[in-house]
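J.: Sharing a structure, written as structure tokens. Questions coming.
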Amino acid sequence: MAALALATPAAAQSLPENFQTGPVFTDFGPHAPVAGLERFPLPTEFRHSFDVATRADAGTRNRGFESAARFINMHVAAGVDAGRIDTVVVVHGSAVLDLLTDDALAARPRAEGVEAPVNGSAAMVRTMLDHGVRFVVCGQSAAAQGVERDDLIEGVEMALSAMTAHALLQQQGYTVNPF
């Protein structure tokens with residue numbers, strides 16, 4: 001049930017009783033407290049990257065992006081200073097399309113009579129960018145998807161490749177989310 005709750009937008013989901021959003025992102029990134037765990041020793045610091053390659057279902061938020069928000073929310077709720085959490089979301093494959101502006105999505109080819117899609121992840125991405133989360137697009141995937149830099153939500157970065165982005169982040173001390 002928790003996996004289902006985490007995969008759908010907040011407006012359409014009912015969280016299990018023990019799950020909550022916040023304290024950083026109040027509209028997404030649900031997490032549950034875990035009883036009996038000690039608080040993190042101060043000053044705990046995270047430099048963590050997420051690898052996201054799967055696109056969200058139409059009109060929903062990208063689950064991989066929301067996992068990054070959940071990571072931040074749960075650690076701040078557990079006592080880690082939000083200013084000591086550096087998070088980067090490296091995006092490749094079809095997930096690149098979840099970083100397009102609505103105008104760029106509307107301009108993409110679609111079947112006749114099909115309404116232009118709306119990016120269900122856009123508001124969440126903008127909020128996360130405003131909180132210092134970096135989104136880095138794989139330039140190879142962007143090229144394969146026919147995506148130009150100007151198609152991306154403002155603030156989203158582009159790298160030569162996702163492999164390049166991860167290699168550089170690891171050299172800067174970032175760990176990689178294993179799932």
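Quick note on naming: the chains in the structure tokens go A, B, ... in the order shown, residues restart at 1 in each chain, and ligands are numbered from 1 in order of appearance.
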Give the strand (DSSP E or B) residues of region 49-172 of chain A, as DSSP finds them on the backbone, and put them as a PyMOL selection string.

T.: chain A and resi 49-52+85-91+100+134-138+152+157-159

J.: Suppose we keep C-alpha atoms; can you now write the selection as an mmCIF file, in the first residue's frame?

T.:
data_model
loop_
_atom_site.group_PDB
_atom_site.id
_atom_site.type_symbol
_atom_site.label_atom_id
_atom_site.label_comp_id
_atom_site.auth_asym_id
_atom_site.auth_seq_id
_atom_site.Cartn_x
_atom_site.Cartn_y
_atom_site.Cartn_z
ATOM 1 C CA SER A 49 22.353 11.677 -6.190
ATOM 2 C CA PHE A 50 19.368 9.882 -7.648
ATOM 3 C CA ASP A 51 19.339 8.141 -11.023
ATOM 4 C CA VAL A 52 15.950 8.435 -12.751
ATOM 5 C CA ILE A 85 21.646 17.876 2.416
ATOM 6 C CA ASP A 86 22.848 18.312 -1.176
ATOM 7 C CA THR A 87 20.725 16.361 -3.620
ATOM 8 C CA VAL A 88 21.083 15.949 -7.374
ATOM 9 C CA VAL A 89 18.614 14.118 -9.614
ATOM 10 C CA VAL A 90 20.315 12.766 -12.752
ATOM 11 C CA VAL A 91 17.678 12.168 -15.409
ATOM 12 C CA LEU A 100 9.888 19.681 -20.189
ATOM 13 C CA ARG A 134 19.666 20.077 -8.812
ATOM 14 C CA PHE A 135 18.205 18.293 -11.836
ATOM 15 C CA VAL A 136 20.757 17.225 -14.467
ATOM 16 C CA VAL A 137 19.598 15.891 -17.836
ATOM 17 C CA CYS A 138 21.588 13.394 -19.848
ATOM 18 C CA LEU A 152 13.564 22.244 -20.187
ATOM 19 C CA GLU A 157 20.969 21.561 -16.152
ATOM 20 C CA MET A 158 22.280 19.450 -19.022
ATOM 21 C CA ALA A 159 25.358 17.223 -18.981
#

J.: Can you pull out the residues contacting Gln140 (chain A)? Cut-off 7 Å, using only C-alpha atoms, and skip same-chain residues under 2 positions away; I want them as a PyMOL selection string.

T.: chain A and resi 138+142-144+160-161

J.: Given the selection you just returned, output its residues as a file containing N, CA, C and O atoms, formatted as a tab-separated table (two decimals), in the first residue's frame.

T.:
chain	number	residue	atom	x	y	z
A	138	CYS	N	20.64	14.06	-18.97
A	138	CYS	CA	21.59	13.39	-19.85
A	138	CYS	C	21.45	13.98	-21.26
A	138	CYS	O	20.38	13.90	-21.87
A	142	ALA	N	18.56	13.40	-24.09
A	142	ALA	CA	17.85	14.57	-24.64
A	142	ALA	C	17.91	14.54	-26.16
A	142	ALA	O	16.89	14.74	-26.84
A	143	ALA	N	19.09	14.25	-26.71
A	143	ALA	CA	19.23	14.19	-28.17
A	143	ALA	C	18.36	13.07	-28.74
A	143	ALA	O	17.68	13.26	-29.76
A	144	ALA	N	18.34	11.93	-28.09
A	144	ALA	CA	17.54	10.81	-28.56
A	144	ALA	C	16.04	11.11	-28.50
A	144	ALA	O	15.27	10.61	-29.34
A	160	LEU	N	26.82	16.18	-20.59
A	160	LEU	CA	27.13	15.40	-21.79
A	160	LEU	C	26.36	14.09	-21.78
A	160	LEU	O	25.80	13.67	-22.78
A	161	SER	N	26.33	13.45	-20.62
A	161	SER	CA	25.60	12.18	-20.47
A	161	SER	C	25.29	11.98	-19.00
A	161	SER	O	25.88	12.64	-18.12

J.: Taking into account only C-alpha atoms, which residue in the set A:Gly36, A:Pro16, A:Arg47, A:Arg70 is nearest to Gln170 (chain A)?

T.: A:Arg47

J.: Please measure the separation of CA of Ala82 (chain A) and CA of Ala165 (chain A), giving the value in Å to one decimal.

T.: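 Here the two named atoms are 23.2 Å from each other.
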
J.: Apply DSSP to the structure's backbone, then extract all residues of region 23-178 of chain A labelled alpha helix (DSSP H) and return them as a PyMOL selection string.

T.: chain A and resi 63-77+102-107+122-130+139-145+162-171

J.: Would you mind listing what lies within 12 Å of Ala35 (chain A) as a PDB file with N, CA, C and O atoms, in the first residue's frame, with only C-alpha atoms counted and same-chain residues fewer than 4 positions away left out?

T.:
ATOM      1  N   ASN A  18       0.451   6.610   9.188  1.00  0.00           N
ATOM      2  CA  ASN A  18       1.747   6.995   9.746  1.00  0.00           C
ATOM      3  C   ASN A  18       2.641   7.754   8.762  1.00  0.00           C
ATOM      4  O   ASN A  18       3.743   8.144   9.112  1.00  0.00           O
ATOM      5  N   ARG A  39      18.543   9.811  16.828  1.00  0.00           N
ATOM      6  CA  ARG A  39      18.713  10.929  15.912  1.00  0.00           C
ATOM      7  C   ARG A  39      20.105  10.834  15.288  1.00  0.00           C
ATOM      8  O   ARG A  39      21.016  10.219  15.822  1.00  0.00           O
ATOM      9  N   ALA A  78      14.113  13.754  10.770  1.00  0.00           N
ATOM     10  CA  ALA A  78      14.905  12.974  11.727  1.00  0.00           C
ATOM     11  C   ALA A  78      16.040  13.786  12.347  1.00  0.00           C
ATOM     12  O   ALA A  78      16.872  13.241  13.066  1.00  0.00           O
TER      13      ALA A  78
END
